[in-house]
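Peer 1: This is structure_6.cif (mmCIF, C-alpha atoms and all ligand atoms).
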```cif
data_start
#
loop_
_atom_site.label_atom_id
_atom_site.label_comp_id
_atom_site.auth_asym_id
_atom_site.auth_seq_id
_atom_site.Cartn_x
_atom_site.Cartn_y
_atom_site.Cartn_z
CA MET B 212 89.95 34.56 6.33
CA ASN B 213 88.90 31.46 8.26
CA ASP B 214 87.26 29.69 5.34
CA LYS B 215 88.75 26.24 4.70
CA THR B 216 87.46 24.44 1.64
CA PHE B 217 88.30 20.87 0.67
CA MET B 218 86.57 19.39 -2.38
CA ALA B 219 86.92 15.99 -4.07
CA TRP B 220 84.93 14.54 -6.95
CA PRO B 221 85.12 12.34 -10.04
CA SER B 222 87.38 13.43 -12.87
CA ARG B 223 84.85 12.87 -15.72
CA ILE B 224 81.12 13.60 -15.57
CA LEU B 225 78.90 13.09 -18.61
CA PHE B 226 75.34 14.44 -18.27
CA GLY B 227 72.56 14.25 -20.83
CA CYS B 228 69.77 12.23 -22.41
CA GLY B 229 71.41 9.41 -24.38
CA GLU B 230 74.88 9.93 -22.87
CA LEU B 231 75.02 6.24 -21.86
CA LEU B 232 76.42 5.57 -25.31
CA SER B 233 79.18 8.17 -24.94
CA LEU B 234 80.82 6.04 -22.27
CA ALA B 235 82.40 3.37 -24.48
CA PRO B 236 84.34 5.83 -26.71
CA LEU B 237 85.69 7.53 -23.59
CA LEU B 238 86.77 4.21 -22.05
CA GLN B 239 88.35 3.19 -25.35
CA LYS B 240 90.32 6.45 -25.45
CA GLN B 241 91.44 5.74 -21.87
CA ARG B 242 92.67 2.30 -23.07
CA PHE B 243 90.38 0.17 -20.93
CA ARG B 244 89.93 -3.37 -22.30
CA GLN B 245 87.75 -5.46 -19.98
CA ALA B 246 84.83 -4.31 -17.81
CA LEU B 247 83.04 -5.90 -14.89
CA ILE B 248 79.43 -4.65 -14.99
CA VAL B 249 77.81 -4.74 -11.53
CA THR B 250 74.04 -4.55 -11.66
CA ASP B 251 70.86 -6.34 -10.56
CA LYS B 252 68.29 -8.59 -12.19
CA PHE B 253 65.97 -5.71 -13.15
CA PHE B 254 68.61 -4.53 -15.61
CA THR B 255 69.29 -7.94 -17.14
CA ASP B 256 65.67 -9.26 -17.17
CA GLN B 257 63.45 -6.21 -17.69
CA SER B 258 65.54 -3.43 -19.21
CA ASP B 259 67.77 -3.09 -22.28
CA ILE B 260 70.22 -0.69 -20.61
CA VAL B 261 72.90 -3.31 -19.92
CA VAL B 262 72.55 -4.95 -23.34
CA ARG B 263 72.93 -1.57 -25.06
CA LEU B 264 75.94 -0.75 -22.90
CA MET B 265 77.61 -4.11 -23.62
CA GLU B 266 77.04 -3.77 -27.37
CA SER B 267 78.51 -0.28 -27.31
CA LEU B 268 81.53 -1.49 -25.29
CA ALA B 269 82.06 -4.42 -27.67
CA SER B 270 81.96 -2.15 -30.71
CA HIS B 271 84.78 -0.15 -29.08
CA GLY B 272 86.91 -3.21 -28.40
CA ILE B 273 86.01 -3.55 -24.72
CA GLY B 274 84.91 -6.91 -23.32
CA SER B 275 82.54 -7.24 -20.38
CA VAL B 276 81.61 -9.68 -17.64
CA ILE B 277 78.31 -9.22 -15.78
CA PHE B 278 77.51 -9.68 -12.12
CA ASP B 279 73.73 -9.13 -11.82
CA GLU B 280 73.00 -10.29 -8.30
CA GLY B 281 72.93 -6.82 -6.74
CA GLU B 282 70.21 -6.26 -4.11
CA PRO B 283 68.69 -3.18 -2.50
CA ASP B 284 70.71 -2.18 0.58
CA PRO B 285 73.71 -4.47 0.00
CA SER B 286 75.08 -6.29 3.01
CA VAL B 287 78.64 -7.15 3.95
CA ALA B 288 77.69 -10.79 3.25
CA LEU B 289 76.44 -9.96 -0.29
CA CYS B 290 79.72 -8.20 -1.08
CA GLN B 291 81.69 -11.23 0.12
CA ARG B 292 79.44 -13.64 -1.82
CA ALA B 293 79.89 -11.55 -4.98
CA ALA B 294 83.70 -11.60 -4.64
CA GLU B 295 83.65 -15.39 -4.18
CA ARG B 296 81.42 -15.92 -7.24
CA LEU B 297 83.60 -13.65 -9.35
CA SER B 298 86.78 -15.42 -8.24
CA ARG B 299 85.57 -18.39 -10.33
CA VAL B 300 85.22 -16.28 -13.51
CA SER B 301 88.06 -16.98 -15.90
CA ALA B 302 88.25 -13.43 -17.32
CA LEU B 303 88.67 -11.99 -13.81
CA ALA B 304 92.40 -11.44 -14.17
CA ASP B 305 91.82 -9.23 -17.24
CA ILE B 306 89.26 -6.93 -15.64
CA ASP B 307 90.71 -3.42 -15.58
CA HIS B 308 87.61 -1.41 -14.59
CA VAL B 309 84.21 -1.81 -12.94
CA ILE B 310 80.99 -0.25 -14.27
CA ALA B 311 78.10 0.04 -11.79
CA VAL B 312 74.66 0.23 -13.42
CA GLY B 313 71.78 0.89 -11.03
CA GLY B 314 70.84 2.86 -7.98
CA GLY B 315 72.92 3.58 -4.92
CA SER B 316 72.82 -0.08 -3.89
CA ASN B 317 74.57 -1.40 -7.00
CA ILE B 318 77.07 1.47 -6.96
CA ASP B 319 77.96 0.70 -3.34
CA LEU B 320 78.38 -3.01 -4.10
CA ALA B 321 80.61 -2.10 -7.06
CA LYS B 322 82.71 0.17 -4.83
CA VAL B 323 83.41 -2.69 -2.46
CA LEU B 324 84.19 -5.08 -5.34
CA SER B 325 86.57 -2.54 -6.86
CA VAL B 326 88.61 -2.96 -3.66
CA THR B 327 88.24 -6.66 -2.84
CA LEU B 328 88.82 -7.87 -6.42
CA LYS B 329 92.11 -6.01 -6.46
CA TYR B 330 93.37 -6.49 -2.91
CA GLY B 331 91.53 -9.59 -1.65
CA GLY B 332 90.44 -9.69 1.99
CA HIS B 333 86.94 -9.56 3.47
CA PRO B 334 84.74 -6.46 2.97
CA ALA B 335 84.50 -6.10 6.76
CA ASP B 336 88.30 -5.52 6.83
CA TYR B 337 87.74 -2.21 5.06
CA VAL B 338 84.82 -0.83 7.09
CA GLY B 339 85.69 2.57 8.54
CA GLU B 340 87.52 5.64 7.29
CA GLY B 341 90.71 5.37 5.22
CA LYS B 342 91.05 1.59 5.58
CA ILE B 343 91.46 0.63 1.92
CA PRO B 344 95.05 -0.36 1.05
CA GLY B 345 95.45 1.66 -2.17
CA LYS B 346 93.71 2.78 -5.36
CA PRO B 347 90.86 0.39 -6.23
CA LEU B 348 90.07 -0.79 -9.76
CA ALA B 349 88.86 2.22 -11.77
CA LEU B 350 85.13 2.62 -11.09
CA VAL B 351 82.55 4.06 -13.48
CA ALA B 352 79.07 4.81 -12.11
CA VAL B 353 75.94 4.89 -14.24
CA PRO B 354 73.15 5.85 -11.81
CA THR B 355 69.62 4.83 -12.82
CA THR B 356 67.84 6.61 -9.95
CA SER B 357 67.91 10.31 -9.04
CA GLY B 358 68.78 10.36 -5.39
CA ALA B 359 71.48 8.37 -3.66
CA GLY B 360 74.41 10.29 -5.12
CA SER B 361 76.82 7.41 -4.46
CA GLU B 362 78.32 8.17 -7.89
CA ILE B 363 80.02 11.18 -6.29
CA THR B 364 80.62 10.14 -2.68
CA PRO B 365 83.63 8.55 -0.97
CA GLY B 366 81.44 6.00 0.83
CA ALA B 367 79.95 2.54 0.38
CA ILE B 368 77.06 1.99 2.80
CA LEU B 369 76.43 -1.59 3.88
CA VAL B 370 74.06 -3.49 6.10
CA GLN B 371 76.04 -5.52 8.62
CA GLU B 372 74.31 -8.58 9.99
CA ASN B 373 73.49 -8.27 13.70
CA SER B 374 74.20 -4.52 13.71
CA SER B 375 71.67 -1.90 14.76
CA THR B 376 72.85 0.61 12.14
CA LYS B 377 74.46 0.56 8.69
CA VAL B 378 78.24 0.63 8.37
CA ALA B 379 80.41 2.43 5.81
CA LEU B 380 83.67 2.08 3.92
CA MET B 381 84.98 5.63 3.47
CA ASP B 382 87.87 6.80 1.34
CA ASN B 383 88.22 9.46 -1.34
CA ASP B 384 89.69 6.76 -3.60
CA LEU B 385 86.27 5.04 -3.51
CA ARG B 386 84.77 7.93 -5.49
CA PRO B 387 84.02 6.74 -9.02
CA VAL B 388 86.47 8.23 -11.52
CA THR B 389 83.84 8.59 -14.26
CA VAL B 390 80.10 9.19 -13.94
CA VAL B 391 77.42 9.03 -16.63
CA VAL B 392 74.16 10.71 -15.62
CA ASP B 393 71.64 9.92 -18.35
CA PRO B 394 68.19 11.09 -17.18
CA LEU B 395 66.49 8.73 -19.66
CA LEU B 396 67.76 5.79 -17.59
CA THR B 397 65.52 6.92 -14.70
CA VAL B 398 62.26 6.96 -16.68
CA SER B 399 61.52 3.31 -15.81
CA CYS B 400 61.74 3.94 -12.04
CA PRO B 401 58.39 3.06 -10.46
CA PRO B 402 56.78 5.76 -8.25
CA LYS B 403 58.10 4.33 -4.96
CA VAL B 404 61.71 4.21 -6.22
CA THR B 405 61.30 7.75 -7.61
CA ALA B 406 59.91 8.98 -4.28
CA ASP B 407 62.50 7.28 -2.08
CA ALA B 408 65.42 8.39 -4.22
CA GLY B 409 64.01 11.89 -4.78
CA ILE B 410 63.52 12.55 -1.08
CA ASP B 411 67.01 11.17 -0.49
CA ALA B 412 68.34 13.84 -2.90
CA LEU B 413 66.35 16.58 -1.15
CA THR B 414 67.64 15.33 2.21
CA HIS B 415 71.23 15.46 0.95
CA ALA B 416 70.74 19.01 -0.26
CA ILE B 417 68.96 20.30 2.86
CA GLU B 418 71.09 18.45 5.38
CA SER B 419 74.36 19.58 3.81
CA TYR B 420 72.99 23.14 3.44
CA LEU B 421 72.35 23.25 7.19
CA THR B 422 75.40 21.33 8.43
CA CYS B 423 78.45 22.47 10.31
CA ASP B 424 80.71 25.09 8.62
CA SER B 425 83.93 23.83 7.03
CA MET B 426 85.97 26.12 9.28
CA HIS B 427 84.56 24.38 12.38
CA PHE B 428 84.50 20.81 10.99
CA ASP B 429 86.66 18.34 12.90
CA ARG B 430 88.83 16.73 10.20
CA GLN B 431 90.60 14.65 12.84
CA GLY B 432 93.94 15.58 11.33
CA LEU B 433 93.14 13.79 8.04
CA ALA B 434 95.10 15.07 5.02
CA ASP B 435 92.45 13.69 2.64
CA PRO B 436 89.12 13.98 4.48
CA GLY B 437 86.00 12.44 2.94
CA TYR B 438 83.72 15.12 4.36
CA SER B 439 84.74 18.52 5.65
CA GLY B 440 81.71 20.75 6.32
CA ARG B 441 79.71 23.19 4.22
CA ASN B 442 81.51 25.87 2.22
CA HIS B 443 80.62 28.51 -0.33
CA ILE B 444 80.71 26.06 -3.24
CA THR B 445 78.63 23.36 -1.56
CA GLN B 446 76.04 25.97 -0.48
CA LEU B 447 75.54 27.10 -4.08
CA MET B 448 75.02 23.55 -5.26
CA ALA B 449 72.73 22.59 -2.40
CA ALA B 450 70.51 25.63 -2.91
CA GLU B 451 69.99 24.90 -6.61
CA SER B 452 69.30 21.26 -5.81
CA ILE B 453 66.64 22.22 -3.25
CA ARG B 454 64.93 24.43 -5.84
CA LEU B 455 64.97 21.66 -8.44
CA CYS B 456 63.72 18.94 -6.08
CA PHE B 457 60.74 21.00 -4.89
CA ALA B 458 59.95 21.94 -8.50
CA HIS B 459 60.28 18.50 -10.12
CA LEU B 460 59.79 15.69 -7.63
CA PRO B 461 55.96 15.77 -7.54
CA THR B 462 55.78 15.47 -11.36
CA ALA B 463 58.51 12.82 -11.60
CA TYR B 464 56.57 10.83 -8.97
CA ARG B 465 53.11 11.22 -10.57
CA GLN B 466 54.11 11.15 -14.25
CA GLY B 467 57.27 9.08 -14.53
CA ALA B 468 57.44 9.49 -18.31
CA ASP B 469 57.79 13.29 -18.02
CA VAL B 470 61.36 13.71 -19.28
CA ASP B 471 61.65 17.36 -18.17
CA ALA B 472 60.86 16.32 -14.59
CA ARG B 473 63.37 13.46 -14.86
CA ILE B 474 66.05 15.87 -16.13
CA GLY B 475 65.23 18.29 -13.29
CA MET B 476 65.59 15.51 -10.71
CA ALA B 477 68.78 14.19 -12.32
CA TYR B 478 70.35 17.64 -11.96
CA GLY B 479 68.84 18.00 -8.47
CA SER B 480 70.35 14.70 -7.39
CA LEU B 481 73.76 15.39 -8.93
CA LEU B 482 74.00 18.87 -7.38
CA ALA B 483 72.90 17.54 -3.99
CA ALA B 484 75.59 14.88 -4.26
CA PHE B 485 78.28 17.45 -5.12
CA SER B 486 77.24 19.32 -1.99
CA TYR B 487 76.85 16.55 0.56
CA ALA B 488 79.70 14.43 -0.78
CA ASN B 489 81.98 17.23 0.37
CA ALA B 490 80.10 19.04 3.14
CA GLY B 491 78.79 15.84 4.77
CA LEU B 492 75.57 14.99 6.58
CA ASN B 493 74.46 14.67 10.18
CA ALA B 494 71.30 13.95 12.19
CA VAL B 495 68.84 12.85 9.48
CA HIS B 496 71.18 10.18 8.17
CA ALA B 497 72.40 9.10 11.62
CA LEU B 498 68.80 8.53 12.75
CA ALA B 499 67.82 6.99 9.38
CA TYR B 500 70.58 4.37 9.76
CA ALA B 501 69.23 3.53 13.23
CA LEU B 502 65.66 3.28 11.90
CA ALA B 503 66.82 1.10 8.98
CA GLY B 504 68.54 -1.18 11.50
CA LEU B 505 65.25 -1.51 13.39
CA THR B 506 62.73 -1.75 10.53
CA HIS B 507 64.73 -2.49 7.33
CA ALA B 508 62.61 0.18 5.62
CA SER B 509 64.08 1.77 2.47
CA HIS B 510 66.86 4.34 2.78
CA GLY B 511 64.86 7.21 1.27
CA SER B 512 61.84 6.60 3.49
CA THR B 513 63.91 6.45 6.68
CA ASN B 514 65.50 9.78 5.78
CA ALA B 515 62.17 11.30 4.79
CA VAL B 516 60.49 10.61 8.10
CA PHE B 517 63.16 12.49 10.07
CA LEU B 518 63.92 15.36 7.67
CA PRO B 519 61.18 17.85 8.72
CA TYR B 520 61.70 17.17 12.43
CA VAL B 521 65.47 17.72 12.14
CA MET B 522 64.82 20.97 10.24
CA GLN B 523 62.45 21.99 13.03
CA SER B 524 65.10 21.28 15.67
CA LEU B 525 67.51 23.60 13.83
CA LEU B 526 65.17 26.63 13.77
CA PRO B 527 67.04 28.29 16.68
CA VAL B 528 70.45 28.06 14.94
CA ARG B 529 69.67 27.99 11.18
CA GLU B 530 66.63 30.25 10.77
CA ARG B 531 68.15 32.30 7.92
CA GLU B 532 69.02 29.19 5.88
CA LEU B 533 65.65 27.57 6.58
CA ALA B 534 63.91 30.74 5.38
CA HIS B 535 65.99 30.56 2.19
CA ILE B 536 64.84 26.96 1.74
CA GLY B 537 61.29 28.31 2.02
CA SER B 538 61.90 30.78 -0.80
CA LEU B 539 63.60 28.07 -2.92
CA ALA B 540 60.41 26.03 -2.45
CA GLY B 541 58.46 28.98 -3.88
CA LEU B 542 56.98 30.16 -0.56
CA THR B 543 56.59 33.70 0.74
CA ALA B 544 55.98 35.05 4.25
CA ALA B 545 55.93 38.32 6.15
CA SER B 546 59.05 37.52 8.18
CA GLN B 547 62.17 35.35 8.11
CA SER B 548 60.96 33.27 11.05
CA GLU B 549 57.58 32.62 9.44
CA LEU B 550 59.25 31.63 6.15
CA ALA B 551 61.60 29.25 7.99
CA ARG B 552 58.64 27.59 9.71
CA LYS B 553 56.78 27.33 6.41
CA ALA B 554 59.82 25.54 4.93
CA VAL B 555 59.56 22.83 7.60
CA ILE B 556 55.87 22.30 6.87
CA ALA B 557 56.38 22.33 3.09
CA THR B 558 59.05 19.63 3.44
CA ARG B 559 56.76 17.47 5.57
CA ASP B 560 53.97 18.00 3.01
CA LEU B 561 56.24 17.03 0.09
CA VAL B 562 57.17 13.80 1.88
CA ALA B 563 53.46 13.00 2.31
CA GLN B 564 52.70 14.01 -1.28
CA VAL B 565 55.07 11.34 -2.62
CA GLY B 566 53.47 8.65 -0.49
CA ILE B 567 56.04 8.32 2.30
CA PRO B 568 54.83 8.08 5.92
CA VAL B 569 55.49 11.18 8.02
CA THR B 570 55.54 9.61 11.49
CA LEU B 571 57.56 6.84 13.12
CA LYS B 572 54.29 5.23 14.23
CA ASP B 573 53.55 4.58 10.55
CA PHE B 574 56.79 2.55 10.37
CA GLY B 575 55.54 0.31 13.20
CA VAL B 576 57.91 1.91 15.73
CA THR B 577 56.63 1.73 19.31
CA LYS B 578 57.18 4.14 22.20
CA GLY B 579 59.53 1.58 23.72
CA ASP B 580 61.82 1.83 20.66
CA LEU B 581 62.37 5.60 20.91
CA ALA B 582 65.23 5.71 23.44
CA GLY B 583 67.13 3.03 21.49
CA LEU B 584 66.61 4.88 18.21
CA ALA B 585 68.01 8.11 19.65
CA SER B 586 71.00 6.28 21.18
CA ASN B 587 71.76 4.29 18.04
CA GLY B 588 71.55 7.50 15.99
CA LEU B 589 73.91 9.26 18.42
CA ALA B 590 76.33 6.34 18.07
CA VAL B 591 77.01 7.25 14.42
CA THR B 592 79.64 9.70 15.64
CA ARG B 593 81.17 10.39 12.19
CA LEU B 594 77.86 12.11 11.31
CA VAL B 595 76.72 13.38 14.69
CA LYS B 596 79.87 15.45 15.21
CA ALA B 597 78.68 17.77 12.39
CA PHE B 598 75.20 18.39 13.84
CA PRO B 599 74.96 22.15 14.41
CA ILE B 600 73.63 21.76 17.98
CA GLN B 601 76.23 20.34 20.40
CA PRO B 602 75.96 18.43 22.64
CA PRO B 603 73.30 16.73 20.53
CA ARG B 604 71.53 14.27 22.89
CA GLN B 605 68.60 16.47 23.94
CA ALA B 606 67.90 17.54 20.35
CA PHE B 607 68.06 13.93 19.09
CA GLU B 608 65.60 12.80 21.76
CA ALA B 609 63.21 15.63 20.84
CA ILE B 610 63.51 14.83 17.10
CA VAL B 611 62.65 11.18 17.73
CA ALA B 612 59.73 12.05 20.04
CA ASN B 613 58.32 14.58 17.55
CA ALA B 614 58.77 12.20 14.61
CA TYR B 615 56.93 9.51 16.57
CA ALA B 616 53.99 11.79 17.39
CA GLY B 617 54.05 13.68 14.07
CA LYS B 618 54.52 16.90 16.00
CA ILE B 619 55.47 19.90 13.89
CA LEU B 620 55.31 22.72 16.43
CA THR B 621 54.74 25.26 13.69
CA ASP B 622 51.40 23.82 12.48
N1 LIG I 701 77.36 5.47 -0.89
C1 LIG I 701 76.67 6.52 -0.57
O1 LIG I 701 77.23 7.56 -0.34
C2 LIG I 701 75.19 6.41 -0.49
C3 LIG I 701 74.42 7.56 -0.34
C4 LIG I 701 73.05 7.46 -0.27
C5 LIG I 701 72.45 6.22 -0.34
N2 LIG I 701 73.23 5.12 -0.46
C6 LIG I 701 72.63 3.79 -0.53
O2 LIG I 701 71.90 3.71 -1.75
C7 LIG I 701 70.82 2.80 -1.57
C8 LIG I 701 69.54 3.41 -2.10
O3 LIG I 701 69.76 3.69 -3.45
P1 LIG I 701 68.57 4.04 -4.46
O4 LIG I 701 67.59 4.90 -3.78
O5 LIG I 701 69.24 4.57 -5.67
O6 LIG I 701 67.85 2.66 -4.74
P2 LIG I 701 68.42 1.18 -4.91
O7 LIG I 701 69.70 1.19 -5.60
O8 LIG I 701 68.37 0.51 -3.57
O9 LIG I 701 67.32 0.53 -5.87
C9 LIG I 701 66.03 0.26 -5.38
C10 LIG I 701 65.28 -0.59 -6.42
O10 LIG I 701 65.03 0.20 -7.56
C11 LIG I 701 65.36 -0.54 -8.74
N3 LIG I 701 65.75 0.42 -9.77
C12 LIG I 701 66.85 1.20 -9.80
N4 LIG I 701 66.85 1.95 -10.92
C13 LIG I 701 65.75 1.61 -11.62
C14 LIG I 701 65.20 2.03 -12.87
N5 LIG I 701 65.79 2.96 -13.62
N6 LIG I 701 64.04 1.47 -13.27
C15 LIG I 701 63.40 0.53 -12.51
N7 LIG I 701 63.88 0.09 -11.33
C16 LIG I 701 65.04 0.64 -10.89
C17 LIG I 701 66.47 -1.47 -8.32
O11 LIG I 701 66.52 -2.59 -9.18
C18 LIG I 701 66.06 -1.83 -6.90
O12 LIG I 701 65.18 -2.92 -6.89
C19 LIG I 701 70.77 2.46 -0.09
O13 LIG I 701 71.36 1.20 0.11
C20 LIG I 701 71.63 3.52 0.56
O14 LIG I 701 72.26 3.10 1.75
C21 LIG I 701 74.58 5.20 -0.55
#
```
Translate the structure described by the file into structure tokens.
Ligand SMILES: NC(=O)c1ccc[n+]([C@@H]2O[C@H](COP(=O)([O-])OP(=O)(O)OC[C@H]3O[C@@H](n4cnc5c(N)ncnc54)[C@H](O)[C@@H]3O)[C@@H](O)[C@H]2O)c1
Peer 2:
Amino acid sequence: MNDKTFMAWPSRILFGCGELLSLAPLLQKQRFRQALIVTDKFFTDQSDIVVRLMESLASHGIGSVIFDEGEPDPSVALCQRAAERLSRVSALADIDHVIAVGGGSNIDLAKVLSVTLKYGGHPADYVGEGKIPGKPLALVAVPTTSGAGSEITPGAILVQENSSTKVALMDNDLRPVTVVVDPLLTVSCPPKVTADAGIDALTHAIESYLTCDSMHFDRQGLADPGYSGRNHITQLMAAESIRLCFAHLPTAYRQGADVDARIGMAYGSLLAAFSYANAGLNAVHALAYALAGLTHASHGSTNAVFLPYVMQSLLPVRERELAHIGSLAGLTAASQSELARKAVIATRDLVAQVGIPVTLKDFGVTKGDLAGLASNGLAVTRLVKAFPIQPPRQAFEAIVANAYAGKILTD
């Protein structure tokens, strides 16, 4: 009776090995004529993905302009620089859609460009929720990592100079309208990219599986909320994602050419994104943004280091779900509480197995940084409000202290 479900996602999703080349016929049928491809130098110097895409577009009557100066963790300044460079391109006026090729970083940069190229202004003008003036240029996302899930979300996450956390542009109109998930595009990911992105996917699945219920989520009166708490549909998707990530991430990390593992992670990432891009996230990401502000470590690694300690903090309020995560990871135990505790340890062990540090000390964080980390994490109120333990301060301080010391109480 009290269930309240709000879901938003792209209108076309193509999934499959080789599906990259199904994009151009679809765009042709939709009468698109001129693409801006947003990518980075890896894809123009060391990979044939962009060349194959451009040839396929051309053979379907679609022209393309490339911007290949994307960088990991795009900043507000990079987005502004990109808009200025593109303003000097003569074909700019004809561009009727943007295609992002790359990981979450290039997709986020493309999201911002899809707004600023159409409406002008500075990217910083649009930081926050619901600040974009109208529908952006149509955005197509072609993810080449299995993890970030930006191809489904309403957000673009940016580094802001002189800020202690990342900032976000949030609007359901920022969700790409078409997504092509071609697992073969992820085969070239080196182990560190696979690990960072893969743990990001697992974090999305677990964090959204454990988050605040949709019926209790504070939508702040928004008619078109970006995130709105977990619901029956997001729970189904998150659970299957958790199973797939535990099953496939170790192989994708160790043997990158294993296509079955890449397919498993591509589904795991997509399902996690469907879940969290509607249910939302909370403490892991809030603290990860604070840690990224302090250390500039990669997004996946900053999530990974907090994930087991946040799960541990939720044992008193989410034991049943944590036990289910244990069974999805293939574990068994004599009781629900034991299985829940085993799930925390298995998650910490998976993080270590893919070469990511499991304590804050390993990131060079000092004891003197801990209070600031907890406070900066708590300051990301759009995420913290969904943390299942309220008020959250004490739990956040304990998570940070345990993550610093590597203290899993259940060992
Ligand atoms: N908008 C959102 O909702 C959202 C959600 C999660 C993460 N993010 C953002 O996404 C970013 C992380 O994304 P990511 O983990 O996908 O990595 P990424 O996009 O930052 O890419 C990392 C590196 O991997 C390389 N790479 C990507 N695909 C490759 C491939 N197939 N082969 C070889 N190299 C490849 C890139 O060139 C880059 O150098 C962070 O900036 C994070 O803030 C955004």
Peer 1: Could you please extract the residues within 8 Å of ligand LIG 701 (chain I), counting all atoms listed in the file, and hand them back as a PDB file with C-alpha atoms, in the frame of the given file?
Peer 2:
```pdb
ATOM      1  CA  ASP B 251      70.860  -6.340 -10.560  1.00  0.00           C
ATOM      2  CA  LYS B 252      68.290  -8.590 -12.190  1.00  0.00           C
ATOM      3  CA  PHE B 253      65.970  -5.710 -13.150  1.00  0.00           C
ATOM      4  CA  PHE B 254      68.610  -4.530 -15.610  1.00  0.00           C
ATOM      5  CA  SER B 258      65.540  -3.430 -19.210  1.00  0.00           C
ATOM      6  CA  GLU B 282      70.210  -6.260  -4.110  1.00  0.00           C
ATOM      7  CA  PRO B 283      68.690  -3.180  -2.500  1.00  0.00           C
ATOM      8  CA  ASP B 284      70.710  -2.180   0.580  1.00  0.00           C
ATOM      9  CA  PRO B 285      73.710  -4.470   0.000  1.00  0.00           C
ATOM     10  CA  GLY B 313      71.780   0.890 -11.030  1.00  0.00           C
ATOM     11  CA  GLY B 314      70.840   2.860  -7.980  1.00  0.00           C
ATOM     12  CA  GLY B 315      72.920   3.580  -4.920  1.00  0.00           C
ATOM     13  CA  SER B 316      72.820  -0.080  -3.890  1.00  0.00           C
ATOM     14  CA  ASN B 317      74.570  -1.400  -7.000  1.00  0.00           C
ATOM     15  CA  ILE B 318      77.070   1.470  -6.960  1.00  0.00           C
ATOM     16  CA  ASP B 319      77.960   0.700  -3.340  1.00  0.00           C
ATOM     17  CA  PRO B 354      73.150   5.850 -11.810  1.00  0.00           C
ATOM     18  CA  THR B 355      69.620   4.830 -12.820  1.00  0.00           C
ATOM     19  CA  THR B 356      67.840   6.610  -9.950  1.00  0.00           C
ATOM     20  CA  SER B 357      67.910  10.310  -9.040  1.00  0.00           C
ATOM     21  CA  GLY B 358      68.780  10.360  -5.390  1.00  0.00           C
ATOM     22  CA  ALA B 359      71.480   8.370  -3.660  1.00  0.00           C
ATOM     23  CA  GLY B 360      74.410  10.290  -5.120  1.00  0.00           C
ATOM     24  CA  SER B 361      76.820   7.410  -4.460  1.00  0.00           C
ATOM     25  CA  GLU B 362      78.320   8.170  -7.890  1.00  0.00           C
ATOM     26  CA  ILE B 363      80.020  11.180  -6.290  1.00  0.00           C
ATOM     27  CA  THR B 364      80.620  10.140  -2.680  1.00  0.00           C
ATOM     28  CA  PRO B 365      83.630   8.550  -0.970  1.00  0.00           C
ATOM     29  CA  GLY B 366      81.440   6.000   0.830  1.00  0.00           C
ATOM     30  CA  ALA B 367      79.950   2.540   0.380  1.00  0.00           C
ATOM     31  CA  ILE B 368      77.060   1.990   2.800  1.00  0.00           C
ATOM     32  CA  LEU B 369      76.430  -1.590   3.880  1.00  0.00           C
ATOM     33  CA  LYS B 377      74.460   0.560   8.690  1.00  0.00           C
ATOM     34  CA  ALA B 379      80.410   2.430   5.810  1.00  0.00           C
ATOM     35  CA  LEU B 396      67.760   5.790 -17.590  1.00  0.00           C
ATOM     36  CA  THR B 397      65.520   6.920 -14.700  1.00  0.00           C
ATOM     37  CA  VAL B 398      62.260   6.960 -16.680  1.00  0.00           C
ATOM     38  CA  SER B 399      61.520   3.310 -15.810  1.00  0.00           C
ATOM     39  CA  CYS B 400      61.740   3.940 -12.040  1.00  0.00           C
ATOM     40  CA  PRO B 401      58.390   3.060 -10.460  1.00  0.00           C
ATOM     41  CA  VAL B 404      61.710   4.210  -6.220  1.00  0.00           C
ATOM     42  CA  THR B 405      61.300   7.750  -7.610  1.00  0.00           C
ATOM     43  CA  ASP B 407      62.500   7.280  -2.080  1.00  0.00           C
ATOM     44  CA  ALA B 408      65.420   8.390  -4.220  1.00  0.00           C
ATOM     45  CA  GLY B 409      64.010  11.890  -4.780  1.00  0.00           C
ATOM     46  CA  ASP B 411      67.010  11.170  -0.490  1.00  0.00           C
ATOM     47  CA  ALA B 488      79.700  14.430  -0.780  1.00  0.00           C
ATOM     48  CA  SER B 509      64.080   1.770   2.470  1.00  0.00           C
ATOM     49  CA  HIS B 510      66.860   4.340   2.780  1.00  0.00           C
ATOM     50  CA  GLY B 511      64.860   7.210   1.270  1.00  0.00           C
TER      51      GLY B 511
END
```
Peer 1: By how many Å are atom CA of Gly272 of chain B and atom CA of Trp220 of chain B apart?
Peer 2: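 So the two atoms, atom CA of Gly272 of chain B and atom CA of Trp220 of chain B, lie 27.9 Å apart.
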Peer 1: Report, in Å to a single decimal, how far apart atom CA of Pro387 of chain B and atom CA of Lys342 of chain B are.
Peer 2: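 Atom CA of Pro387 of chain B lies at a distance of 17.0 Å from atom CA of Lys342 of chain B.
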Peer 1: Which is closest to Gln523 of chain B among B:Gln601, B:Thr543, B:Asn613, B:Asn493, if we use all atoms listed in the file?
Peer 2: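 Of all the options, B:Asn613 lies closest to Gln523 of chain B.
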Peer 1: Provide the atom CA of Leu482 of chain B to atom CA of Gly588 of chain B distance in Å, to one decimal place.
Peer 2: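 According to the coordinates, atom CA of Leu482 of chain B and atom CA of Gly588 of chain B are separated by 26.1 Å.
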Peer 1: Please identify all polymer residues within 12 Å of Leu460 of chain B, counting only C-alpha atoms, omitting same-chain residues fewer than 4 positions from it, and present them as number ranges by chain.
Peer 2: B: 357-358, 402-413, 452-456, 464-467, 469-480, 540, 558, 561-562, 564-566
